[in-house]
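Beneath this line is the structure, given in structure tokens, with notes to follow.
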Amino acid sequence: MRALVIGSQGRIEALMRGIGQRWQPDFWIYPGRVAPGWNYYEVIVDLEADERPSPAFSVASQALWVLSAVKKPLRRLLPSSSWAQRCVGVNLLPVFCERQLIEATALSEEAWNLFQSWEPQTCRVPDDVGMVSARLLALIINEALLLQSEAALSLETIDLAVKLGLNYPRTITEWGQAIGWHHILQLMEALQAEYGADVYPIAPSLRTFATQTSSFSSL
Amino acid sequence: MRILILGAGTMGRGIAEVFAAHDIAVSLYDPDPLALQRIESLIEKYTARVSFIRELSADLSYEIVIEAIPEDLALKQKVLGEVSRRMLPDSLLTTNTSALSVHLLAQAVEVKSRFLGWHFFNPAPRMPLVEVIPTAFTAEAVIERSLHLLRKVGKVPVVAPDLPGFIVNRIARPYYVEALRLAERGEVSPEVVDQLMEGLGFRMGPFRLMDLIGIDVNHAVTQRVWEGLFYPARFRPSWLQAQKVAAGQTGRKVGRGFYEYDQKRS
């Protein structure tokens, strides 16, 4: 299938380290000067559909739209229920889009079947903030930072404990840098807005890290 | 140097091996009649360095005593209290508790300045990290001595606060609690959650890991952390996990947890 990927340069690079290699798409760096010929493509992937208005809903295209829907559920991205027939939501954040398995959601069987015929290595998950893995990982990182400030520990100590005591594949610092602290903060904010601050409190230092690296957030 | 380890269960055995492998003499104490059987292979492997004792003498002439008995506050306090009264004046007393408050345990100890937590991870011979948990009474020299000794036997000690779950068990809580919360709603299966987390490089997804640890053990740790932090909503223990415990489906050890296991093979 002919595929187009829309996104900022950094996000496209992350995608191409992982599943993008299978998809072999054309690219459109957003915002770009040259409008693509929408009708040429059968699949259009928007890596940042949950972060800014997606062009998906303003162009005449009958393509299958694969939208990043991890900071907002897919149902909140769609302007009307009729879009459910040709839109799926996928976790396309850095790190998550670099594994071979795709975490995705759909609001109609038609869209899901169409997506699976293009990308069979998928795991269907509920249409919820953070889906599954981004949610679990954001909470681990946030908890580590809550403990760090509560107990006045250094991040180095926390990282050592995570790596050598839990055998996790990366340390908190490594995850923060690879995913982007600002993405983790936005996930936590979305969870908090959806379910409340008592269940999803945000570590103050997560805000600090996100602010410090915000100048890179457009990458 | 001579070390006494109280309790010859999985952790006691593993900790004994850490020291024996570094030419340190270790005695394991356990009143359980079957305990000797469990450590026979260890005694064979380290003939001159590991011994088993069934009774504690009135005077314990060990430089270090490590408590590794079941996670029961009253039982631990009783044993620590008794042992602390029989120890050498400058010896060190440690607890391998994974989730109980070291301060609460210290209440029973006679000389509090030489008591602290040494939390090893399972399997102790292979896991490098040890959380060293001092109390407000622990002498600075005792902390330094602990760090020095643990480094000498190849461990990476980190000083951890005496907060519920210390560092590691606290940070790991959302991995289990949130996965259970998702599964409780019935919208996603344990298999899918595990597959996705393993796809990120985790050696085991949360449900497979809970089965390995023991769902009852994991549930108890969550319960203690939740209570110790004064019931924060984010750590509310899971009814799904409580149901599994009540049904006796506690994981691999019984052949059934979130998954089913062929006990002959596992």
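Every chain in the structure tokens takes a letter, A first, then B, and so on in the order presented; its residues are numbered from 1, and the ligands are numbered from 1 following the presented order.
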Just the residues within 8 Å of region 158-163 of chain B, please, counting only C-alpha atoms, with nothing from its chain fewer than 3 positions along; format it as an mmCIF file with C-alpha atoms, in the first residue's frame.
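Produced file out.cif, reproduced below:
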```
data_model
loop_
_atom_site.group_PDB
_atom_site.id
_atom_site.type_symbol
_atom_site.label_atom_id
_atom_site.label_comp_id
_atom_site.auth_asym_id
_atom_site.auth_seq_id
_atom_site.Cartn_x
_atom_site.Cartn_y
_atom_site.Cartn_z
ATOM 1 C CA ALA A 151 13.344 10.877 50.024
ATOM 2 C CA THR A 157 20.714 6.155 42.972
ATOM 3 C CA ALA A 161 18.202 0.596 41.756
ATOM 4 C CA SER B 101 9.425 -0.754 58.377
ATOM 5 C CA VAL B 102 12.997 -1.094 59.663
ATOM 6 C CA HIS B 103 12.130 1.428 62.374
ATOM 7 C CA LEU B 129 21.893 -4.590 44.204
ATOM 8 C CA VAL B 130 21.467 -4.461 47.973
ATOM 9 C CA GLU B 131 19.364 -1.736 49.589
ATOM 10 C CA VAL B 132 20.989 -0.601 52.848
ATOM 11 C CA ILE B 133 18.319 0.916 55.093
ATOM 12 C CA PRO B 134 19.506 2.710 58.219
ATOM 13 C CA THR B 135 17.138 3.921 60.920
ATOM 14 C CA PHE B 166 12.208 1.292 50.074
ATOM 15 C CA ILE B 167 13.358 2.178 46.517
ATOM 16 C CA GLY B 228 2.513 2.467 54.939
#
```
Could you please select, counting only C-alpha atoms, the residues of chain B within 7 Å of chain A and state them as number ranges by chain? B: 121, 127-129, 158, 161, 167-168, 171-172, 174-175, 178, 187-188, 192-193, 196-197, 199-202, 233-234
Can you list, as a count of residues only, all residues belonging to region 144-213 of chain B that DSSP tags as alpha helix (DSSP H)? 43
Assign secondary structure with DSSP using the backbone only, and return the residues of region 52-149 of chain A in strand (DSSP E) as a ChimeraX atom specification. /A:64-68,87-90,102-106,122-124
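Every protein, DNA or RNA residue with an atom at most 9 Å from Ser146 (chain B), where only C-alpha atoms count and chain neighbours fewer than 2 positions away do not, is listed here: Leu92, Trp118, Val132, Ala141, Val142, Ile143, Glu144, His148, Leu149, Leu150, Arg151 and Pro157 of chain B.
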Hey, can you check how far CA of Leu147 (chain B) sits from CA of Tyr29 (chain B)?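 Calculated distance between CA of Leu147 (chain B) and CA of Tyr29 (chain B) is 24.2 Å.
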Do you know which residues are at most 7 Å from region 33-37 of chain B counting only C-alpha atoms, after dropping those on the same chain fewer than 3 positions away, and could you put them as a list of chain:residue names?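 The filter keeps B:Ala8, B:Asp30, B:Glu40, B:Phe52.
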What is the CA of Tyr259 (chain B)-CA of Asn122 (chain B) distance in Å, reported with one decimal? 21.6 Å
Give me the residues within 8 Å of Val225 (chain B) as a short mmCIF file (atom, residue, chain, number, x, y, z; two decimals) with N, CA and C atoms, in the first residue's frame, counting only C-alpha atoms and dropping any in the same chain fewer than 2 places off.
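This went into selection-v9.cif:
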```cif
data_model
loop_
_atom_site.label_atom_id
_atom_site.label_comp_id
_atom_site.auth_asym_id
_atom_site.auth_seq_id
_atom_site.Cartn_x
_atom_site.Cartn_y
_atom_site.Cartn_z
N ALA B 99 9.62 -5.28 52.86
CA ALA B 99 8.58 -4.25 52.89
C ALA B 99 8.19 -3.78 54.29
N PRO B 164 7.93 2.90 52.86
CA PRO B 164 7.33 1.65 52.41
C PRO B 164 7.81 1.24 51.01
N GLY B 165 8.34 0.03 50.93
CA GLY B 165 8.84 -0.48 49.65
C GLY B 165 10.28 -0.05 49.37
N ARG B 170 9.03 0.12 45.73
CA ARG B 170 8.14 1.27 45.55
C ARG B 170 8.02 1.61 44.07
N VAL B 221 2.94 -7.24 49.45
CA VAL B 221 3.85 -6.09 49.36
C VAL B 221 3.06 -4.83 49.00
N THR B 222 2.16 -4.96 48.02
CA THR B 222 1.34 -3.81 47.63
C THR B 222 0.51 -3.32 48.82
N GLN B 223 -0.07 -4.27 49.54
CA GLN B 223 -0.89 -3.94 50.70
C GLN B 223 -0.06 -3.15 51.73
N GLU B 227 -0.66 0.71 52.81
CA GLU B 227 -0.93 1.06 54.22
C GLU B 227 0.14 2.00 54.76
N GLY B 228 1.39 1.67 54.43
CA GLY B 228 2.51 2.47 54.94
C GLY B 228 2.51 3.90 54.45
N LEU B 229 1.97 4.10 53.26
CA LEU B 229 1.91 5.46 52.70
C LEU B 229 0.57 6.14 53.02
N PHE B 235 -2.16 3.34 44.77
CA PHE B 235 -1.66 2.01 45.15
C PHE B 235 -2.75 1.11 45.72
#
```
